[in-house]
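Novice: This is the structure, below, for whatever I ask next.
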Amino acid sequence: MNIYYDYGGSVSTRFLERIPTYVQGLDEVLNGGIIKESILLIAGGSGTGKTVLASQIAYFNALHGKNVIYVSFDEGLKLKDYLKGFGWNLDKLIEERKFKLLDLVAPTETLAKDIITFIAHEIREFNAKLLVLDSLTTLLLNTPELAKARSLVDVLRKIKPPGVTVIATANVFYGTRRIGTGVEEVIADTIILLKRFIHKGELRTKMYVLKMRGSAHSRRAHELVFTNIGVKVIPLMPA
Ligand SMILES: Nc1ncnc2c1ncn2[C@@H]1O[C@H](COP(=O)(O)OP(=O)(O)OP(=O)(O)O)[C@@H](O)[C@H]1O
Ligand SMILES: [Mg+2]
């Protein structure tokens with residue numbers, strides 16, 4: 001699908017193929033959607049909404065016909081129950097073979113490469129067009145050496161079939177400013193950063209696009225708003 005928004009991007013970047021997010025307000029912020037075949041990183045502290053946002057994009061892309069693999073290192077199969085709260089029936093999509101939920105544990109350094117090879121195999125077998133890694137930080141956590149962690153992601157990039165778009169989440173640990181292990185932000189083509197803030201006694205989530213390789217994007221602060229049918233993105237009003 002090609003959607004064109006005029007953020008003043010150059011002609012070439014405006015014609016990159018995009019994948020819709022099905023999140024109200026987010027495609028406009030991303031200048032038309034997620035760039036096909038790119039790696040989108042959703043980074044943020046615990047509870048900022050990384051999993052909900054990634055799941056919403058994955059669920060609705062599957063609902064609209066794309067084969068999706070969701071690798072959950074953190075919630076595992078419980079994710080299905082969590083998402084029921086928004087009225088999303090993951091089991092139905094799993095039965096219809098549009099959605100595959102892989103429940104994997106954080107691997108040791110030696111196993112991380114095997115896990116990546118396994119995921120690439122699953123992508124091929126399932127003919128997946130969208131892969132979610134939640135969280136990429138958990139996958140890399142036991143590979144502390146930056147060069148090794150980076151080469152793991154490069155392996156994934158090389159062995160995934162063409163046409164596959166990746167959404168990865170990354171943790172920003174409480175009290176730190178660094179995104180995950182440090183590798184995540186470097187390998188990402190696009191970074192969405194989620195940050196919690198308190199306004200009039202209410203916990204809310206700010207959203208910024210930190211970078212989008214090859215494309216213009218909104219540079220405004222936005223808010224990720226939780227509703228009972230999922231999340232939506234609205235411009236953040238100055239206090
Ligand atoms: N069914 C729901 N209805 C309303 N709000 C929900 C629902 N499920 C989750 N939330 C909100 O989303 C928050 C958790 O979001 P999410 O799990 O996406 O965070 P996260 O950034 O992935 O956190 P972590 O780093 O711990 O995995 C909850 O604390 C809650 O505020
Ligand atoms: Mg999460």
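Each chain of the structure tokens is named A, B, ... in the order shown, its residues numbered from 1; ligands are numbered from 1 in display order.
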Residues within 7 Å of ligand 1, counting only C-alpha atoms and all ligand atoms: report them as a ChimeraX atom specification.
Specialist: /A:44-53,74,82-86,171,226-228
Novice: Could you give me, as a JSON list (two decimals) with N, CA and C atoms, in the first residue's frame, the residues within 8 Å of range 125-128 of chain A, counting only C-alpha atoms and dropping anything in the same chain fewer than 6 positions from it?
Specialist:
[["chain", "number", "residue", "atom", "x", "y", "z"],
["A", 66, "LYS", "N", -2.42, -9.90, 6.45],
["A", 66, "LYS", "CA", -0.97, -10.15, 6.43],
["A", 66, "LYS", "C", -0.63, -11.29, 7.41],
["A", 67, "ASN", "N", 0.28, -12.18, 7.05],
["A", 67, "ASN", "CA", 0.69, -13.21, 8.01],
["A", 67, "ASN", "C", 1.70, -12.60, 8.99],
["A", 68, "VAL", "N", 1.42, -12.80, 10.27],
["A", 68, "VAL", "CA", 2.21, -12.14, 11.31],
["A", 68, "VAL", "C", 2.77, -13.16, 12.30],
["A", 69, "ILE", "N", 4.05, -13.02, 12.62],
["A", 69, "ILE", "CA", 4.64, -13.81, 13.72],
["A", 69, "ILE", "C", 5.00, -12.86, 14.85],
["A", 164, "VAL", "N", 9.91, -8.78, 4.47],
["A", 164, "VAL", "CA", 9.47, -8.89, 5.87],
["A", 164, "VAL", "C", 9.80, -7.60, 6.63]]
Novice: Rounded to one decimal, what separation in Å do you get between CA of Arg178 in chain A and CA of Thr110 in chain A?
Specialist: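 These atoms are spaced 24.6 Å apart.
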Novice: Ranking A:Val29, A:Ile123, A:Ala216, A:Val132 by minimum distance to Ala58 in chain A and counting only C-alpha atoms, which one comes first?
Specialist: A:Val132
Novice: Pull the helix (DSSP H, G or I) assignments for range 47-223 of chain A out of DSSP run on the backbone, and list those residues as a ChimeraX atom specification.
Specialist: /A:50-63,78-84,90-95,109-126,136-140,146-159,184-187
Novice: Work out how far apart CA of His121 in chain A and CA of Leu156 in chain A are and give it in Å to one decimal.
Specialist: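 Between CA of His121 in chain A and CA of Leu156 in chain A the gap is 10.7 Å.
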Novice: Tell me, as a list of chain:residue names, which residues lie within 8 Å of range 116-118 of chain A, counting only C-alpha atoms; anything in the same chain fewer than 4 positions away does not count.
Specialist: A:Ala112, A:Glu122, A:Leu152, A:Val155, A:Leu156, A:Ile159
Novice: Taking 2 positions as the minimum chain separation for residues in the same chain, which residues sit within 12 Å of range 206-210 of chain A when counting only C-alpha atoms? Answer as a VMD selection string.
Specialist: chain A and resid 25 to 31 34 40 to 45 48 to 50 53 179 185 to 186 188 to 199 203 to 204 212 to 213 215 to 226 231 to 238
Novice: Pull C-alpha atoms from the residues just selected and write them as a PDB file, in the first residue's frame.
Specialist:
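And here is the file that came out, selection08.pdb:
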ATOM      1  CA  GLY A  25      -3.033   9.126  14.311  1.00  0.00           C
ATOM      2  CA  LEU A  26       0.179   7.094  13.932  1.00  0.00           C
ATOM      3  CA  ASP A  27       0.429   6.750  10.120  1.00  0.00           C
ATOM      4  CA  GLU A  28       0.403  10.539   9.785  1.00  0.00           C
ATOM      5  CA  VAL A  29       3.211  10.825  12.350  1.00  0.00           C
ATOM      6  CA  LEU A  30       5.237   8.267  10.356  1.00  0.00           C
ATOM      7  CA  ASN A  31       4.662  10.095   7.071  1.00  0.00           C
ATOM      8  CA  ILE A  34       5.946   1.873   8.644  1.00  0.00           C
ATOM      9  CA  LEU A  40      10.821  -0.242  13.630  1.00  0.00           C
ATOM     10  CA  LEU A  41      11.909   0.003  17.233  1.00  0.00           C
ATOM     11  CA  ILE A  42       9.407   0.874  19.950  1.00  0.00           C
ATOM     12  CA  ALA A  43      11.469   1.878  22.967  1.00  0.00           C
ATOM     13  CA  GLY A  44      10.352   2.928  26.406  1.00  0.00           C
ATOM     14  CA  GLY A  45      10.167   2.233  30.111  1.00  0.00           C
ATOM     15  CA  THR A  48       4.677   2.779  28.730  1.00  0.00           C
ATOM     16  CA  GLY A  49       2.693   0.732  26.193  1.00  0.00           C
ATOM     17  CA  LYS A  50       5.328  -0.924  23.969  1.00  0.00           C
ATOM     18  CA  LEU A  53       1.285  -0.680  20.566  1.00  0.00           C
ATOM     19  CA  ILE A 179      17.783   2.249  25.183  1.00  0.00           C
ATOM     20  CA  GLU A 185      18.829   1.897  18.536  1.00  0.00           C
ATOM     21  CA  VAL A 186      21.724   1.436  16.124  1.00  0.00           C
ATOM     22  CA  ALA A 188      16.711   0.293  13.998  1.00  0.00           C
ATOM     23  CA  ASP A 189      15.616   2.194  10.892  1.00  0.00           C
ATOM     24  CA  THR A 190      12.866   3.975  12.788  1.00  0.00           C
ATOM     25  CA  ILE A 191      12.632   4.642  16.512  1.00  0.00           C
ATOM     26  CA  ILE A 192       9.485   5.504  18.431  1.00  0.00           C
ATOM     27  CA  LEU A 193      10.283   6.531  21.986  1.00  0.00           C
ATOM     28  CA  LEU A 194       7.636   6.265  24.699  1.00  0.00           C
ATOM     29  CA  LYS A 195       8.073   8.168  27.951  1.00  0.00           C
ATOM     30  CA  ARG A 196       5.809   8.314  30.934  1.00  0.00           C
ATOM     31  CA  PHE A 197       4.890  11.628  32.506  1.00  0.00           C
ATOM     32  CA  ILE A 198       2.488  12.792  35.151  1.00  0.00           C
ATOM     33  CA  HIS A 199       0.001  15.501  34.345  1.00  0.00           C
ATOM     34  CA  LEU A 203       0.105   8.881  34.521  1.00  0.00           C
ATOM     35  CA  ARG A 204       0.326   9.407  30.768  1.00  0.00           C
ATOM     36  CA  MET A 212      13.213   7.451  10.480  1.00  0.00           C
ATOM     37  CA  ARG A 213      15.917   6.494   7.983  1.00  0.00           C
ATOM     38  CA  SER A 215      11.880   9.453   5.354  1.00  0.00           C
ATOM     39  CA  ALA A 216      10.526  12.651   6.769  1.00  0.00           C
ATOM     40  CA  HIS A 217       8.410  12.277   9.914  1.00  0.00           C
ATOM     41  CA  SER A 218       6.626  14.367  12.473  1.00  0.00           C
ATOM     42  CA  ARG A 219       8.979  16.019  14.969  1.00  0.00           C
ATOM     43  CA  ARG A 220       6.222  16.965  17.375  1.00  0.00           C
ATOM     44  CA  ALA A 221       5.631  15.428  20.773  1.00  0.00           C
ATOM     45  CA  HIS A 222       2.557  13.220  20.702  1.00  0.00           C
ATOM     46  CA  GLU A 223       0.638  11.306  23.313  1.00  0.00           C
ATOM     47  CA  LEU A 224      -0.162   7.600  23.299  1.00  0.00           C
ATOM     48  CA  VAL A 225      -3.646   7.429  24.710  1.00  0.00           C
ATOM     49  CA  PHE A 226      -5.027   4.156  26.124  1.00  0.00           C
ATOM     50  CA  VAL A 231      -4.237   2.895  21.796  1.00  0.00           C
ATOM     51  CA  LYS A 232      -4.376   6.021  19.654  1.00  0.00           C
ATOM     52  CA  VAL A 233      -1.937   8.851  18.982  1.00  0.00           C
ATOM     53  CA  ILE A 234      -2.808  12.516  19.381  1.00  0.00           C
ATOM     54  CA  PRO A 235      -0.659  15.658  19.321  1.00  0.00           C
ATOM     55  CA  LEU A 236       0.500  16.497  22.824  1.00  0.00           C
ATOM     56  CA  MET A 237      -1.065  19.742  23.917  1.00  0.00           C
ATOM     57  CA  PRO A 238       1.308  22.082  25.741  1.00  0.00           C
TER      58      PRO A 238
END
Novice: Show me, as a PyMOL selection string, the residues that have an atom within 12 Å of Asn89 in chain A when counting only C-alpha atoms, minus same-chain residues fewer than 6 positions from it.
Specialist: chain A and resi 55-56+59-60+62-63+79-83+95-96+99+229
